[in-house]
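Dropping target-v8.cif in here (mmCIF, C-alpha atoms):
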data_entry
loop_
_atom_site.label_atom_id
_atom_site.label_comp_id
_atom_site.auth_asym_id
_atom_site.auth_seq_id
_atom_site.Cartn_x
_atom_site.Cartn_y
_atom_site.Cartn_z
CA MET A 1 19.77 16.91 -18.90
CA ASP A 2 16.76 19.03 -19.84
CA ASP A 3 14.91 15.88 -20.98
CA LEU A 4 15.68 13.76 -17.90
CA MET A 5 13.83 13.03 -14.69
CA THR A 6 16.57 11.89 -12.33
CA ILE A 7 15.89 10.16 -9.00
CA ARG A 8 18.73 9.86 -6.48
CA PHE A 9 18.56 8.21 -3.07
CA TRP A 10 20.33 9.95 -0.19
CA GLY A 11 18.64 8.15 2.73
CA VAL A 12 16.79 4.83 2.54
CA ARG A 13 16.38 3.65 6.16
CA GLY A 14 13.26 3.79 8.26
CA SER A 15 12.67 4.79 11.87
CA LEU A 16 16.28 5.26 12.97
CA ALA A 17 19.63 5.94 11.31
CA SER A 18 21.75 2.79 11.36
CA PRO A 19 25.38 3.34 10.35
CA GLY A 20 27.86 0.49 10.63
CA GLU A 21 29.87 -2.19 8.87
CA ASP A 22 26.79 -4.31 8.22
CA THR A 23 24.78 -1.51 6.60
CA VAL A 24 27.42 0.41 4.64
CA GLY A 25 26.40 -1.15 1.32
CA VAL A 26 22.76 -0.09 1.50
CA GLY A 27 23.36 2.94 3.69
CA GLY A 28 22.22 3.91 7.16
CA ASN A 29 20.66 7.36 6.64
CA THR A 30 16.95 7.96 7.04
CA SER A 31 14.56 9.00 4.29
CA CYS A 32 15.65 11.51 1.66
CA VAL A 33 15.10 11.21 -2.10
CA GLU A 34 16.14 13.85 -4.64
CA VAL A 35 14.20 14.23 -7.89
CA ARG A 36 15.34 16.49 -10.70
CA CYS A 37 12.93 17.39 -13.46
CA GLY A 38 15.25 18.88 -16.02
CA ARG A 39 16.95 21.64 -14.06
CA GLU A 40 14.31 21.95 -11.33
CA ARG A 41 15.11 20.37 -7.97
CA PHE A 42 12.80 18.57 -5.58
CA VAL A 43 13.46 16.47 -2.50
CA PHE A 44 11.17 14.08 -0.67
CA ASP A 45 11.70 14.17 3.10
CA ALA A 46 14.47 15.56 5.25
CA GLY A 47 15.82 12.57 7.13
CA THR A 48 19.53 12.34 7.94
CA GLY A 49 20.28 11.75 4.25
CA ILE A 50 19.60 15.41 3.49
CA ARG A 51 22.93 16.41 5.05
CA GLY A 52 24.85 14.80 2.19
CA LEU A 53 22.42 16.22 -0.35
CA GLY A 54 22.99 19.71 1.03
CA ALA A 55 26.77 19.33 0.74
CA ALA A 56 26.41 18.27 -2.90
CA TRP A 57 24.01 21.09 -3.75
CA ALA A 58 26.24 23.70 -2.11
CA LYS A 59 28.93 22.90 -4.68
CA GLU A 60 26.55 23.81 -7.50
CA GLY A 61 25.86 27.35 -6.34
CA PRO A 62 22.73 28.99 -4.91
CA VAL A 63 19.97 26.55 -4.04
CA ASP A 64 16.41 27.01 -5.32
CA ALA A 65 14.40 23.89 -4.54
CA THR A 66 11.18 22.38 -3.21
CA LEU A 67 11.13 20.15 -0.12
CA ILE A 68 8.12 17.79 -0.03
CA LEU A 69 7.43 16.22 3.38
CA SER A 70 5.53 12.95 3.73
CA HIS A 71 4.91 13.69 7.43
CA LEU A 72 6.51 15.12 10.52
CA HIS A 73 7.85 12.10 12.39
CA TRP A 74 11.39 12.70 13.48
CA ASP A 75 13.16 10.28 11.13
CA HIS A 76 11.75 12.31 8.21
CA ILE A 77 12.76 15.79 9.40
CA GLN A 78 15.72 15.29 11.75
CA GLY A 79 18.32 15.99 9.05
CA LEU A 80 16.98 19.42 8.17
CA PRO A 81 18.94 21.33 10.86
CA PHE A 82 22.12 19.91 9.24
CA PHE A 83 21.14 20.82 5.66
CA GLY A 84 23.90 23.32 4.84
CA PRO A 85 21.99 25.49 2.34
CA LEU A 86 19.46 26.27 5.08
CA TYR A 87 22.00 28.73 6.50
CA ALA A 88 22.78 30.54 3.22
CA PRO A 89 20.98 33.82 2.38
CA SER A 90 20.96 32.81 -1.30
CA THR A 91 18.85 29.69 -0.64
CA ARG A 92 15.19 29.71 -1.57
CA LEU A 93 13.30 26.71 -0.20
CA ARG A 94 9.64 25.95 -0.83
CA ILE A 95 8.29 23.51 1.76
CA VAL A 96 5.22 21.41 0.97
CA GLY A 97 3.42 19.19 3.47
CA ALA A 98 0.14 18.36 5.14
CA GLY A 99 0.99 19.03 8.77
CA THR A 100 -1.38 17.76 11.47
CA PRO A 101 -4.54 19.20 13.05
CA GLU A 102 -2.45 20.23 16.06
CA LEU A 103 0.65 21.52 14.33
CA GLY A 104 1.50 23.06 10.97
CA VAL A 105 4.63 22.23 9.00
CA ARG A 106 6.47 25.42 9.89
CA GLU A 107 5.68 25.06 13.59
CA ALA A 108 6.86 21.45 13.65
CA LEU A 109 10.16 22.27 11.93
CA ALA A 110 10.72 25.22 14.26
CA ARG A 111 9.92 23.14 17.33
CA GLN A 112 12.75 20.67 16.73
CA MET A 113 15.21 23.59 16.51
CA ARG A 114 14.82 24.97 20.02
CA PRO A 115 17.12 24.98 23.04
CA PRO A 116 18.01 22.78 24.80
CA THR A 117 17.89 20.27 21.91
CA PHE A 118 19.41 22.52 19.22
CA PRO A 119 21.41 25.76 19.44
CA VAL A 120 20.03 27.56 16.33
CA VAL A 121 16.37 28.55 16.19
CA TRP A 122 14.35 28.42 12.98
CA GLU A 123 13.66 32.15 13.03
CA ASP A 124 17.39 32.92 12.82
CA LEU A 125 17.99 30.96 9.59
CA ALA A 126 19.35 33.07 6.74
CA SER A 127 17.57 31.20 3.93
CA GLN A 128 14.24 32.22 2.41
CA HIS A 129 11.25 29.92 3.01
CA GLU A 130 7.80 29.55 1.55
CA TYR A 131 5.19 27.13 2.85
CA ARG A 132 2.41 25.37 1.02
CA ALA A 133 -0.13 23.17 2.77
CA VAL A 134 -1.34 20.22 0.74
CA ARG A 135 -4.65 18.41 1.14
CA HIS A 136 -5.30 14.77 0.44
CA GLY A 137 -6.62 14.34 -3.09
CA GLN A 138 -5.19 17.69 -4.18
CA ARG A 139 -3.23 18.37 -7.38
CA ILE A 140 -0.85 21.32 -7.40
CA ARG A 141 1.60 22.80 -9.88
CA LEU A 142 5.24 23.05 -8.87
CA GLY A 143 7.51 24.75 -11.33
CA GLU A 144 7.48 24.44 -15.10
CA GLY A 145 5.18 21.61 -16.12
CA VAL A 146 5.52 19.72 -12.83
CA GLU A 147 2.39 18.36 -11.14
CA LEU A 148 2.17 16.99 -7.61
CA ARG A 149 -0.73 14.80 -6.47
CA ALA A 150 -1.30 13.94 -2.83
CA ALA A 151 -3.05 10.98 -1.17
CA ARG A 152 -3.63 9.94 2.43
CA LEU A 153 -1.66 7.04 3.89
CA ASN A 154 -2.35 4.68 6.79
CA HIS A 155 0.12 5.56 9.54
CA PRO A 156 -0.20 6.54 13.21
CA GLY A 157 -0.07 10.24 13.98
CA GLY A 158 -2.00 11.67 11.04
CA GLY A 159 -0.96 13.93 8.22
CA VAL A 160 0.94 11.19 6.39
CA THR A 161 0.89 11.74 2.65
CA ALA A 162 1.94 9.89 -0.48
CA TYR A 163 2.84 11.89 -3.57
CA ARG A 164 2.97 11.44 -7.31
CA LEU A 165 5.37 13.81 -9.05
CA SER A 166 4.76 14.04 -12.79
CA TRP A 167 6.75 15.84 -15.48
CA ARG A 168 6.86 15.55 -19.26
CA GLY A 169 5.12 12.19 -19.39
CA ARG A 170 7.13 10.61 -16.55
CA SER A 171 6.12 10.04 -12.95
CA VAL A 172 7.46 8.83 -9.62
CA VAL A 173 5.31 7.88 -6.61
CA TYR A 174 6.74 8.30 -3.12
CA ALA A 175 4.70 6.26 -0.64
CA THR A 176 6.52 5.63 2.60
CA ASP A 177 5.26 5.07 6.15
CA THR A 178 2.04 3.32 5.25
CA GLU A 179 0.45 0.12 6.50
CA HIS A 180 -1.26 -2.07 3.94
CA TYR A 181 -4.80 -3.39 4.27
CA ALA A 182 -6.21 -6.87 3.65
CA CYS A 183 -6.64 -5.70 0.06
CA VAL A 184 -4.57 -3.34 -2.05
CA ASP A 185 -5.19 0.24 -0.86
CA PRO A 186 -7.48 1.62 -3.61
CA VAL A 187 -6.37 5.21 -3.01
CA LEU A 188 -2.71 4.29 -3.38
CA ARG A 189 -3.43 2.04 -6.36
CA ASP A 190 -5.10 4.94 -8.14
CA LEU A 191 -2.27 7.31 -7.26
CA ALA A 192 0.37 4.89 -8.58
CA ALA A 193 -1.53 3.71 -11.68
CA GLY A 194 0.89 3.46 -14.60
CA CYS A 195 3.72 5.35 -12.87
CA ASP A 196 7.30 4.77 -13.96
CA VAL A 197 8.74 4.33 -10.45
CA LEU A 198 6.98 3.36 -7.22
CA ILE A 199 9.02 3.98 -4.05
CA TYR A 200 7.17 2.04 -1.35
CA ASP A 201 7.53 1.36 2.38
CA SER A 202 8.86 -2.22 2.48
CA GLN A 203 10.17 -2.33 6.03
CA TYR A 204 9.01 -5.84 6.93
CA THR A 205 8.41 -9.30 5.58
CA ALA A 206 4.92 -10.78 5.89
CA ALA A 207 6.23 -13.14 8.60
CA GLU A 208 7.72 -10.26 10.60
CA TYR A 209 4.55 -8.21 10.20
CA ALA A 210 2.38 -11.07 11.51
CA GLY A 211 4.67 -11.77 14.47
CA GLU A 212 5.89 -15.14 13.23
CA VAL A 213 9.40 -13.67 13.51
CA GLY A 214 9.81 -11.35 16.49
CA PRO A 215 6.93 -9.25 17.86
CA PRO A 216 3.88 -8.57 15.66
CA ARG A 217 4.13 -5.27 13.82
CA VAL A 218 0.42 -4.85 13.10
CA GLY A 219 -0.58 -1.27 13.82
CA TRP A 220 2.97 0.09 13.61
CA GLY A 221 2.22 1.88 10.35
CA HIS A 222 4.59 0.11 7.96
CA SER A 223 4.28 -2.41 5.16
CA THR A 224 5.97 -5.43 3.58
CA TRP A 225 7.70 -6.22 0.32
CA GLU A 226 4.91 -8.70 -0.43
CA ALA A 227 2.30 -5.93 -0.18
CA GLY A 228 4.57 -3.77 -2.34
CA VAL A 229 4.55 -6.41 -5.07
CA GLU A 230 0.76 -6.65 -4.91
CA LEU A 231 0.44 -2.89 -5.24
CA ALA A 232 2.96 -2.73 -8.10
CA ARG A 233 1.02 -5.39 -10.01
CA ALA A 234 -2.39 -3.85 -9.35
CA ALA A 235 -1.20 -0.37 -10.36
CA GLY A 236 0.79 -1.51 -13.39
CA VAL A 237 3.94 0.36 -12.38
CA GLY A 238 7.17 0.28 -14.34
CA ARG A 239 9.54 -0.30 -11.43
CA TYR A 240 9.02 -1.06 -7.75
CA VAL A 241 11.66 0.22 -5.31
CA LEU A 242 11.80 -1.30 -1.82
CA PHE A 243 12.31 1.60 0.62
CA HIS A 244 12.34 2.53 4.31
CA HIS A 245 14.47 -0.50 5.21
CA ASP A 246 14.28 -1.72 8.79
CA PRO A 247 17.20 -0.30 10.81
CA THR A 248 18.07 -3.80 12.07
CA ARG A 249 18.29 -5.32 8.57
CA ASP A 250 21.85 -5.63 7.28
CA ASP A 251 23.04 -5.44 3.69
CA ALA A 252 22.66 -9.17 3.13
CA GLY A 253 19.12 -9.06 4.50
CA VAL A 254 18.11 -6.24 2.17
CA ALA A 255 19.65 -8.08 -0.79
CA ALA A 256 17.69 -11.21 0.14
CA LEU A 257 14.40 -9.31 0.16
CA GLU A 258 15.32 -7.69 -3.15
CA GLY A 259 15.85 -11.14 -4.67
CA LEU A 260 12.50 -12.38 -3.40
CA ALA A 261 10.74 -9.30 -4.75
CA GLN A 262 12.42 -9.68 -8.13
CA GLY A 263 11.19 -13.27 -8.30
CA ALA A 264 7.63 -12.01 -7.95
CA PHE A 265 7.96 -8.69 -9.84
CA PRO A 266 11.08 -8.67 -12.06
CA THR A 267 11.69 -4.90 -12.12
CA SER A 268 11.85 -4.68 -8.33
CA MET A 269 14.96 -3.23 -6.73
CA ALA A 270 16.03 -2.25 -3.23
CA ALA A 271 16.84 1.42 -2.63
CA ARG A 272 20.48 2.06 -1.76
CA GLU A 273 22.22 5.31 -0.91
CA GLY A 274 23.75 6.82 -4.03
CA MET A 275 21.50 4.82 -6.37
CA GLU A 276 20.30 6.89 -9.31
CA LEU A 277 17.50 6.27 -11.80
CA GLU A 278 17.10 8.23 -15.02
CA LEU A 279 13.88 8.58 -17.00
CA GLU A 280 13.84 10.30 -20.37
CA ALA A 281 10.91 12.58 -21.08
CA ALA A 282 8.23 10.80 -23.07
CA ARG A 283 8.81 11.06 -26.81
CA SER A 284 5.65 13.09 -27.39
CA GLU A 285 6.78 15.54 -24.69
CA ARG A 286 10.25 15.87 -26.22
CA ALA A 287 8.73 16.61 -29.61
CA ALA A 288 6.47 19.25 -28.10
#

Show me, as structure tokens, the structure contained in the file I just sent.
Amino acid sequence: MDDLMTIRFWGVRGSLASPGEDTVGVGGNTSCVEVRCGRERFVFDAGTGIRGLGAAWAKEGPVDATLILSHLHWDHIQGLPFFGPLYAPSTRLRIVGAGTPELGVREALARQMRPPTFPVVWEDLASQHEYRAVRHGQRIRLGEGVELRAARLNHPGGGVTAYRLSWRGRSVVYATDTEHYACVDPVLRDLAAGCDVLIYDSQYTAAEYAGEVGPPRVGWGHSTWEAGVELARAAGVGRYVLFHHDPTRDDAGVAALEGLAQGAFPTSMAAREGMELELEAARSERAA
């Protein structure tokens, strides 16, 4: 356990939670990904999937963890009021994010927990919170030997950030809610270069994005599995994970896109709730 980076998916949908018979296989919760570096706990985003994560963590005892927010759109923070450990005095939560020019991370989280939309206000929470603003291009240390790098993404509303979490020779890149360019995004390519796992916004197909199927999605701030494959190749990643699935796409549709992606980049896989990836610390790091 001390030599493992473990990645577990608790919410994999984009934009809107989509429970139902047709989505039960992939899952209907919005973005939430847990990463454990040895015994240290991190979580990317606080979509509706964080409710289940909180229930699991509560069984392990007091929670000491870092929440890393890609941005403040509702599908990425709406689960936080239902994260059980938030109400426990023993919980220590470090919250990392970029915020926006108009609103900081703390203010945004507090704003969604206000009457008449929610009965408990942020200031009354029993848990302990620390806040750390992150700038694009910044590298920061989080815990024992853990480095976090941040990079700007292309998404409406500002403050949207991709992250690379590195520990003991292993790395995962979390890059959701970004719209690709005509070429591979050089900033994101550099961030993901040589990473073990790339979790990438793959909400649409190229045909959907262009409006050949349904309305055009240009300017909506999301990407395609085809662009994900291009990025994975250009960055030389170990594994590409299709993420932020469209809320209207059923299990069969996600599996079909996964198959297409695997035909172009064999280590591709679609994120599903409950899916877990394990990465052993690099041999040189274990020896050290």

Q | Shell around Leu279 in chain A at 8 Å using all atoms listed in the file, local window under 2 positions removed, as a PyMOL selection string | A | chain A and resi 4-6+170+277+281

(Q) Can you tell me which residues surround range 77-81 of chain A at a distance of at most 7 Å, considering all atoms listed in the file, apart from same-chain residues fewer than 3 positions away, and format the answer as a ChimeraX atom specification? (A) /A:45-51,72-74

If the PyMOL selection byres ((chain A and resi 180) around 12) were run on this exact file, what residues would it hold? Put them as a compact mmCIF listing (two decimals) with C-alpha atoms, in the coordinates of the input.
# COMPACT_ATOMS: atom_id res chain seq x y z
CA LEU A 153 -1.66 7.04 3.89
CA ASN A 154 -2.35 4.68 6.79
CA HIS A 155 0.12 5.56 9.54
CA ALA A 175 4.70 6.26 -0.64
CA THR A 176 6.52 5.63 2.60
CA ASP A 177 5.26 5.07 6.15
CA THR A 178 2.04 3.32 5.25
CA GLU A 179 0.45 0.12 6.50
CA TYR A 181 -4.80 -3.39 4.27
CA ALA A 182 -6.21 -6.87 3.65
CA CYS A 183 -6.64 -5.70 0.06
CA VAL A 184 -4.57 -3.34 -2.05
CA ASP A 185 -5.19 0.24 -0.86
CA PRO A 186 -7.48 1.62 -3.61
CA VAL A 187 -6.37 5.21 -3.01
CA LEU A 188 -2.71 4.29 -3.38
CA ARG A 189 -3.43 2.04 -6.36
CA TYR A 200 7.17 2.04 -1.35
CA ASP A 201 7.53 1.36 2.38
CA SER A 202 8.86 -2.22 2.48
CA GLN A 203 10.17 -2.33 6.03
CA TYR A 204 9.01 -5.84 6.93
CA ALA A 206 4.92 -10.78 5.89
CA TYR A 209 4.55 -8.21 10.20
CA ARG A 217 4.13 -5.27 13.82
CA VAL A 218 0.42 -4.85 13.10
CA GLY A 219 -0.58 -1.27 13.82
CA TRP A 220 2.97 0.09 13.61
CA GLY A 221 2.22 1.88 10.35
CA HIS A 222 4.59 0.11 7.96
CA SER A 223 4.28 -2.41 5.16
CA THR A 224 5.97 -5.43 3.58
CA TRP A 225 7.70 -6.22 0.32
CA GLU A 226 4.91 -8.70 -0.43
CA ALA A 227 2.30 -5.93 -0.18
CA GLY A 228 4.57 -3.77 -2.34
CA VAL A 229 4.55 -6.41 -5.07
CA GLU A 230 0.76 -6.65 -4.91
CA LEU A 231 0.44 -2.89 -5.24

(Q) Would you compute the distance between CA of Tyr87 in chain A and CA of Gly61 in chain A? Give it in Å to one decimal. (A) 13.5 Å

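Note that the spacing between CA of Ile7 in chain A and CA of Val33 in chain A amounts to 7.0 Å.
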
Q: Choose the residue, out of A:Val241, A:Leu69, A:Ala151, A:Met113, that has the smallest atom-to-atom separation from Met275 in chain A; count only C-alpha atoms.
A: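 Under the stated criterion, the closest residue is A:Val241.
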
Q: May I ask for the distance between CA of Leu165 in chain A and CA of Ala270 in chain A, given in Å to one decimal place?
A: 20.1 Å

Q: Expand the PyMOL selection byres ((chain A and resi 35) around 10) into the individual residues it matches in the shown file, reporting them as a PyMOL selection string.
A: chain A and resi 5-9+33-34+36-38+40-44+66+165+172+276-278

Q: Determine, counting only C-alpha atoms, every residue of protein, DNA or RNA that lies within 9 Å of (17.6, 5.0, 15.7) in the file coordinates, then give the result as a count of residues only.
A: 7

Near-Arg249 in chain A list (10 Å; only C-alpha atoms; drop same-chain fewer than 3 positions) as a PDB file with C-alpha atoms, in the frame of the given file:
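For reference, result10.pdb as written:
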ATOM      1  CA  ARG A  13      16.380   3.650   6.160  1.00  0.00           C
ATOM      2  CA  SER A  18      21.750   2.790  11.360  1.00  0.00           C
ATOM      3  CA  ASP A  22      26.790  -4.310   8.220  1.00  0.00           C
ATOM      4  CA  THR A  23      24.780  -1.510   6.600  1.00  0.00           C
ATOM      5  CA  VAL A  26      22.760  -0.090   1.500  1.00  0.00           C
ATOM      6  CA  GLN A 203      10.170  -2.330   6.030  1.00  0.00           C
ATOM      7  CA  TYR A 204       9.010  -5.840   6.930  1.00  0.00           C
ATOM      8  CA  HIS A 245      14.470  -0.500   5.210  1.00  0.00           C
ATOM      9  CA  ASP A 246      14.280  -1.720   8.790  1.00  0.00           C
ATOM     10  CA  ALA A 252      22.660  -9.170   3.130  1.00  0.00           C
ATOM     11  CA  GLY A 253      19.120  -9.060   4.500  1.00  0.00           C
ATOM     12  CA  VAL A 254      18.110  -6.240   2.170  1.00  0.00           C
ATOM     13  CA  ALA A 255      19.650  -8.080  -0.790  1.00  0.00           C
TER      14      ALA A 255
END

(Q) Under the rule that all atoms listed in the file are counted, which of A:Ser31, A:Asp2, A:Gly236, A:Arg135 is the nearest residue to Arg272 in chain A? (A)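 Of all the options, A:Ser31 lies closest to Arg272 in chain A.
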
Q: Give me the result of the PyMOL selection byres ((chain A and resi 144) around 10) on this file, residue by residue, as a list in words.
A: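 So the PyMOL selection byres ((chain A and resi 144) around 10), applied here, picks out Cys37, Gly38, Arg39, Glu40, Arg141, Leu142, Gly143, Gly145, Val146, Glu147, Trp167 and Arg168 of chain A.
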
**Q.** Residue with smallest distance to Ile68 in chain A - pool A:Leu86, A:Leu103, A:Ala133, A:Val12, counting only C-alpha atoms
**A.** A:Ala133

(Q) Quick one: residues within 7 Å of Gly159 in chain A, only C-alpha atoms, excluding same-chain residues fewer than 5 positions away - as an MDAnalysis selection string? (A) chainID A and resid 71 98:100

May I have the selected residues written with C-alpha atoms, as a JSON list (two decimals), in the frame of the given file?
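Output below, filename again13.json:
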[["chain", "number", "residue", "atom", "x", "y", "z"],
["A", 71, "HIS", "CA", 4.91, 13.69, 7.43],
["A", 98, "ALA", "CA", 0.14, 18.36, 5.14],
["A", 99, "GLY", "CA", 0.99, 19.03, 8.77],
["A", 100, "THR", "CA", -1.38, 17.76, 11.47]]

Q.
When you count all atoms listed in the file, which of these residues is closest to Ala192 in chain A: A:Val213, A:Ala234, A:Gly25, A:Asp124?
A.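 Of the candidates, the smallest distance to Ala192 in chain A is held by A:Ala234.
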
Q) Out of A:Gly259, A:Gly97, A:Pro115, A:Gly104, which residue has the shortest atom-to-atom distance to Val160 in chain A when counting only C-alpha atoms? A) A:Gly97

Q. Closest to Asp64 in chain A among A:Ala88, A:Leu93, A:Val120, A:Val105, using all atoms listed in the file?
A. A:Leu93
